[in-house]
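K.L.:
As input, take target.cif (mmCIF, C-alpha atoms):
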```
data_entry
loop_
_atom_site.group_PDB
_atom_site.id
_atom_site.type_symbol
_atom_site.label_atom_id
_atom_site.label_comp_id
_atom_site.auth_asym_id
_atom_site.auth_seq_id
_atom_site.Cartn_x
_atom_site.Cartn_y
_atom_site.Cartn_z
ATOM 1 C CA MET E 24 -11.236 1.416 1.835
ATOM 2 C CA GLU E 25 -11.706 1.114 -1.868
ATOM 3 C CA ILE E 26 -8.611 -0.459 -3.424
ATOM 4 C CA SER E 27 -7.518 -0.363 -7.051
ATOM 5 C CA PHE E 28 -4.297 -1.424 -8.726
ATOM 6 C CA ALA E 29 -1.823 0.406 -10.948
ATOM 7 C CA ASP E 30 -1.750 -2.531 -13.369
ATOM 8 C CA GLU E 31 -2.848 -6.117 -13.880
ATOM 9 C CA SER E 32 0.392 -7.674 -12.594
ATOM 10 C CA ILE E 33 0.031 -5.898 -9.229
ATOM 11 C CA ARG E 34 -3.631 -6.947 -9.016
ATOM 12 C CA ALA E 35 -2.625 -10.557 -9.721
ATOM 13 C CA LEU E 36 0.056 -10.531 -7.002
ATOM 14 C CA CYS E 37 -2.473 -9.227 -4.487
ATOM 15 C CA ALA E 38 -5.189 -11.704 -5.518
ATOM 16 C CA GLN E 39 -3.200 -14.888 -6.143
ATOM 17 C CA THR E 40 -1.293 -16.295 -3.181
ATOM 18 C CA LYS E 41 0.665 -18.742 -5.351
ATOM 19 C CA ARG E 42 1.878 -15.966 -7.655
ATOM 20 C CA ALA E 43 2.760 -13.739 -4.688
ATOM 21 C CA THR E 44 4.697 -16.589 -3.054
ATOM 22 C CA GLN E 45 6.679 -17.215 -6.252
ATOM 23 C CA THR E 46 7.441 -13.518 -6.743
ATOM 24 C CA LEU E 47 7.818 -12.174 -3.205
ATOM 25 C CA GLY E 48 8.577 -15.275 -1.133
ATOM 26 C CA ALA E 49 6.402 -17.119 1.386
ATOM 27 C CA GLU E 50 6.697 -14.657 4.297
ATOM 28 C CA SER E 51 5.980 -11.565 2.196
ATOM 29 C CA ALA E 52 3.064 -13.322 0.478
ATOM 30 C CA LYS E 53 1.507 -14.166 3.866
ATOM 31 C CA LYS E 54 1.925 -10.614 5.074
ATOM 32 C CA LEU E 55 0.578 -9.240 1.793
ATOM 33 C CA GLN E 56 -2.652 -11.179 2.319
ATOM 34 C CA ARG E 57 -2.904 -9.822 5.894
ATOM 35 C CA ARG E 58 -2.274 -6.254 4.726
ATOM 36 C CA MET E 59 -4.919 -6.584 1.986
ATOM 37 C CA THR E 60 -7.481 -7.767 4.551
ATOM 38 C CA GLU E 61 -6.550 -4.918 6.901
ATOM 39 C CA MET E 62 -6.869 -2.367 4.103
ATOM 40 C CA PHE E 63 -10.264 -3.708 2.994
ATOM 41 C CA ASN E 64 -11.480 -3.510 6.609
ATOM 42 C CA ALA E 65 -10.194 0.028 7.225
ATOM 43 C CA GLU E 66 -12.242 3.066 6.273
ATOM 44 C CA THR E 67 -9.240 5.390 5.902
ATOM 45 C CA VAL E 68 -5.464 5.064 5.622
ATOM 46 C CA SER E 69 -4.983 6.435 9.132
ATOM 47 C CA GLU E 70 -6.765 3.359 10.553
ATOM 48 C CA LEU E 71 -3.954 1.071 9.375
ATOM 49 C CA VAL E 72 -1.714 -0.005 12.248
ATOM 50 C CA ALA E 73 0.116 -3.181 11.169
ATOM 51 C CA GLY E 74 3.130 -3.131 8.893
ATOM 52 C CA ARG E 75 4.636 0.118 10.205
ATOM 53 C CA PRO E 76 2.431 2.330 8.015
ATOM 54 C CA HIS E 77 4.271 5.455 6.919
ATOM 55 C CA PRO E 78 4.218 8.142 4.229
ATOM 56 C CA LEU E 79 7.328 8.310 2.059
ATOM 57 C CA LYS E 80 9.444 11.384 1.350
ATOM 58 C CA GLY E 81 11.701 12.754 -1.363
ATOM 59 C CA THR E 82 11.107 11.341 -4.835
ATOM 60 C CA ARG E 83 8.388 9.082 -3.393
ATOM 61 C CA ALA E 84 6.438 11.852 -1.637
ATOM 62 C CA GLY E 85 2.700 11.281 -1.951
ATOM 63 C CA THR E 86 3.172 7.534 -1.562
ATOM 64 C CA PHE E 87 2.405 5.478 1.542
ATOM 65 C CA ALA E 88 4.174 2.226 2.507
ATOM 66 C CA LEU E 89 3.357 -0.851 4.554
ATOM 67 C CA ASP E 90 6.090 -3.331 5.490
ATOM 68 C CA LEU E 91 5.803 -6.903 4.286
ATOM 69 C CA HIS E 92 8.943 -8.961 5.083
ATOM 70 C CA GLY E 93 12.590 -7.960 5.026
ATOM 71 C CA GLY E 94 12.937 -4.919 2.800
ATOM 72 C CA GLN E 95 9.769 -5.613 0.843
ATOM 73 C CA ARG E 96 6.925 -3.123 0.993
ATOM 74 C CA LEU E 97 3.428 -2.552 -0.340
ATOM 75 C CA LEU E 98 3.224 0.983 -1.764
ATOM 76 C CA PHE E 99 0.088 2.932 -2.594
ATOM 77 C CA LYS E 100 -1.137 6.417 -3.438
ATOM 78 C CA PRO E 101 -4.488 8.133 -3.013
ATOM 79 C CA THR E 102 -6.665 7.306 -6.020
ATOM 80 C CA LEU E 103 -8.335 10.697 -6.081
ATOM 81 C CA GLN E 104 -6.053 13.412 -7.425
ATOM 82 C CA PRO E 105 -5.438 15.903 -6.056
ATOM 83 C CA PRO E 106 -5.688 14.133 -2.695
ATOM 84 C CA PRO E 107 -7.216 15.748 0.388
ATOM 85 C CA THR E 108 -4.662 17.932 2.132
ATOM 86 C CA LYS E 109 -4.009 19.305 5.600
ATOM 87 C CA ASP E 110 -3.409 22.977 6.347
ATOM 88 C CA ASP E 111 0.357 22.460 5.953
ATOM 89 C CA GLY E 112 -0.150 21.125 2.406
ATOM 90 C CA GLY E 113 0.626 17.491 3.255
ATOM 91 C CA ILE E 114 -1.748 14.688 2.362
ATOM 92 C CA ASP E 115 -4.532 14.201 4.898
ATOM 93 C CA TRP E 116 -4.263 10.413 5.129
ATOM 94 C CA ALA E 117 -7.170 10.375 7.634
ATOM 95 C CA SER E 118 -9.423 11.502 4.758
ATOM 96 C CA VAL E 119 -8.100 9.094 2.114
ATOM 97 C CA THR E 120 -10.698 6.357 1.508
ATOM 98 C CA LYS E 121 -9.644 5.233 -1.992
ATOM 99 C CA ILE E 122 -6.145 3.998 -2.767
ATOM 100 C CA THR E 123 -4.239 2.586 -5.727
ATOM 101 C CA ILE E 124 -1.542 0.013 -5.032
ATOM 102 C CA THR E 125 1.408 1.051 -7.179
ATOM 103 C CA GLU E 126 4.262 -1.264 -6.229
ATOM 104 C CA LEU E 127 5.166 -4.436 -4.344
ATOM 105 C CA GLY E 128 8.749 -5.331 -3.558
ATOM 106 C CA ASP E 129 11.977 -3.793 -2.302
ATOM 107 C CA TYR E 130 12.326 -0.278 -3.684
ATOM 108 C CA HIS E 131 15.635 0.207 -1.843
ATOM 109 C CA ASP E 132 17.591 -1.715 -4.521
#
```
Mind turning the file's structure into structure tokens?
P.N.:
Amino acid sequence: MEISFADESIRALCAQTKRATQTLGAESAKKLQRRMTEMFNAETVSELVAGRPHPLKGTRAGTFALDLHGGQRLLFKPTLQPPPTKDDGGIDWASVTKITITELGDYHD
């Protein structure tokens, strides 16, 4: 997949293990690096299997999450807007090949 970042601080967390460890903790930083590798190796979102991949609902509809450690998640959206959709109007994640990482951390706070 093609991966972009919502801003420079998110890009830095994804690219710099030391910064991710300081911000997210050692376990989440390790899992972040694994998730990044998995995303780069996948062609579409539907190919992701690790990290309990799941679309979010409610105010976060249109966003997809991957678990890191504890309550921390990696969140992303389709880069292309409007995204490809299924007949029911939901996002067709099997057709999403470009994503933008929008958030890292625990959004449950």
K.L.:
Enter the distance from CA of Ala35 (chain E) to CA of Thr82 (chain E), in Å, rounded to one decimal.
P.N.:
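Rounded to one decimal, the two atoms are 26.3 Å apart.
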K.L.:
Just so the selection is clear, what residues does the PyMOL selection byres ((chain E and resi 36) around 12) cover here, as a PyMOL selection string?
P.N.:
chain E and resi 28-35+37-48+51-53+55-56+59+97+124-128
K.L.:
Any chance you could resolve the PyMOL selection byres ((chain E and resi 72) around 12) against this file and give the residues as a PyMOL selection string?
P.N.:
chain E and resi 57-58+61-62+64-65+67-71+73-77+88-90
K.L.:
Taking all listed atoms of region 81-90 of chain E, build the axis-aligned box, pad each of the six sides by 6 Å, then write its centre and edge lengths in Å to one decimal as JSON.
P.N.:
```
{"center_x": 7.1, "center_y": 4.7, "center_z": 0.3, "size_x": 21.3, "size_y": 28.1, "size_z": 22.3}
```
K.L.:
Which is closest to Met24 (chain E) among E:Phe99, E:Phe87, E:Trp116, E:Phe63, if we use all atoms listed in the file?
P.N.:
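For Met24 (chain E), the nearest of the given residues is E:Phe63.
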K.L.:
Which residue, E:Leu79, E:Gly94, E:Thr86, E:Glu25, has the smallest gap to Thr120 (chain E) when you use only C-alpha atoms?
P.N.:
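Once distances to Thr120 (chain E) are computed over only C-alpha atoms, the minimum belongs to E:Glu25.
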K.L.:
Between CA of Lys121 (chain E) and CA of Pro101 (chain E), what is the spacing in Å?
P.N.:
6.0 Å
K.L.:
Counting all atoms listed in the file, which of E:Thr123, E:Ala84, E:Ile26, E:Leu91 gets nearest to Glu66 (chain E)?
P.N.:
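Of the candidates, the smallest distance to Glu66 (chain E) is held by E:Ile26.
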K.L.:
When you count all atoms listed in the file, which of these residues is closest to Pro107 (chain E): E:Val119, E:Lys54, E:Lys80, E:Ser27?
P.N.:
E:Val119
K.L.:
Tell me which of E:Thr60, E:Asp129, E:Gly85, E:Leu98 sits closest to Gly112 (chain E), counting all atoms listed in the file.
P.N.:
E:Gly85
K.L.:
Find the distance between CA of Pro106 (chain E) and CA of His92 (chain E) and write it in Å to one decimal.
P.N.:
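These two atoms are separated by 28.4 Å.
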K.L.:
Taking the structure in the block just given, could you write region 58-88 of chain E with N, CA and C atoms, as a compact mmCIF listing (two decimals), in the first residue's frame?
P.N.:
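Saved to part08.txt:
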```txt
# COMPACT_ATOMS: atom_id res chain seq x y z
N ARG E 58 3.58 -3.17 12.35
CA ARG E 58 2.39 -2.78 11.58
C ARG E 58 2.78 -2.01 10.32
N MET E 59 3.79 -1.13 10.44
CA MET E 59 4.24 -0.36 9.27
C MET E 59 4.76 -1.31 8.18
N THR E 60 5.55 -2.30 8.58
CA THR E 60 6.07 -3.27 7.63
C THR E 60 4.93 -4.04 6.97
N GLU E 61 3.97 -4.47 7.79
CA GLU E 61 2.82 -5.21 7.25
C GLU E 61 2.02 -4.37 6.28
N MET E 62 1.84 -3.08 6.59
CA MET E 62 1.09 -2.21 5.70
C MET E 62 1.84 -1.98 4.39
N PHE E 63 3.15 -1.77 4.46
CA PHE E 63 3.94 -1.58 3.24
C PHE E 63 3.90 -2.83 2.36
N ASN E 64 3.82 -4.01 2.97
CA ASN E 64 3.81 -5.26 2.22
C ASN E 64 2.43 -5.65 1.70
N ALA E 65 1.39 -5.07 2.22
CA ALA E 65 0.03 -5.38 1.77
C ALA E 65 -0.31 -4.54 0.54
N GLU E 66 -1.15 -5.09 -0.31
CA GLU E 66 -1.62 -4.32 -1.47
C GLU E 66 -2.87 -3.53 -1.14
N THR E 67 -3.73 -4.10 -0.27
CA THR E 67 -4.96 -3.42 0.13
C THR E 67 -5.15 -3.56 1.64
N VAL E 68 -6.04 -2.76 2.19
CA VAL E 68 -6.32 -2.81 3.63
C VAL E 68 -6.85 -4.18 4.03
N SER E 69 -7.63 -4.80 3.20
CA SER E 69 -8.23 -6.09 3.57
C SER E 69 -7.20 -7.20 3.74
N GLU E 70 -5.97 -7.00 3.27
CA GLU E 70 -4.91 -7.99 3.44
C GLU E 70 -4.27 -7.94 4.83
N LEU E 71 -4.55 -6.90 5.60
CA LEU E 71 -3.98 -6.79 6.94
C LEU E 71 -4.65 -7.79 7.86
N VAL E 72 -3.85 -8.52 8.63
CA VAL E 72 -4.42 -9.52 9.54
C VAL E 72 -3.97 -9.32 10.98
N ALA E 73 -2.78 -8.79 11.20
CA ALA E 73 -2.28 -8.61 12.57
C ALA E 73 -2.82 -7.31 13.16
N GLY E 74 -2.93 -7.28 14.46
CA GLY E 74 -3.36 -6.05 15.13
C GLY E 74 -4.85 -5.86 15.16
N ARG E 75 -5.61 -6.94 14.99
CA ARG E 75 -7.08 -6.87 15.05
C ARG E 75 -7.61 -5.73 14.17
N PRO E 76 -7.31 -5.78 12.88
CA PRO E 76 -7.75 -4.69 11.99
C PRO E 76 -9.27 -4.55 11.98
N HIS E 77 -9.74 -3.31 12.12
CA HIS E 77 -11.19 -3.10 12.16
C HIS E 77 -11.56 -1.66 11.81
N PRO E 78 -12.67 -1.50 11.07
CA PRO E 78 -13.17 -0.16 10.78
C PRO E 78 -13.86 0.38 12.03
N LEU E 79 -13.77 1.68 12.23
CA LEU E 79 -14.41 2.31 13.38
C LEU E 79 -15.80 2.82 13.01
N LYS E 80 -16.59 3.10 14.03
CA LYS E 80 -17.98 3.54 13.84
C LYS E 80 -18.21 4.87 14.53
N GLY E 81 -19.43 5.35 14.43
CA GLY E 81 -19.82 6.59 15.12
C GLY E 81 -19.08 7.78 14.59
N THR E 82 -18.53 8.60 15.50
CA THR E 82 -17.83 9.82 15.09
C THR E 82 -16.52 9.52 14.37
N ARG E 83 -16.06 8.28 14.43
CA ARG E 83 -14.82 7.89 13.76
C ARG E 83 -15.09 7.02 12.52
N ALA E 84 -16.31 7.01 12.04
CA ALA E 84 -16.64 6.25 10.83
C ALA E 84 -15.76 6.73 9.68
N GLY E 85 -15.33 5.80 8.85
CA GLY E 85 -14.42 6.13 7.76
C GLY E 85 -12.96 5.97 8.13
N THR E 86 -12.72 5.61 9.38
CA THR E 86 -11.38 5.41 9.90
C THR E 86 -11.19 3.93 10.20
N PHE E 87 -9.99 3.44 10.03
CA PHE E 87 -9.64 2.05 10.27
C PHE E 87 -8.59 2.02 11.38
N ALA E 88 -8.62 1.01 12.24
CA ALA E 88 -7.69 0.93 13.37
C ALA E 88 -6.94 -0.40 13.39
```
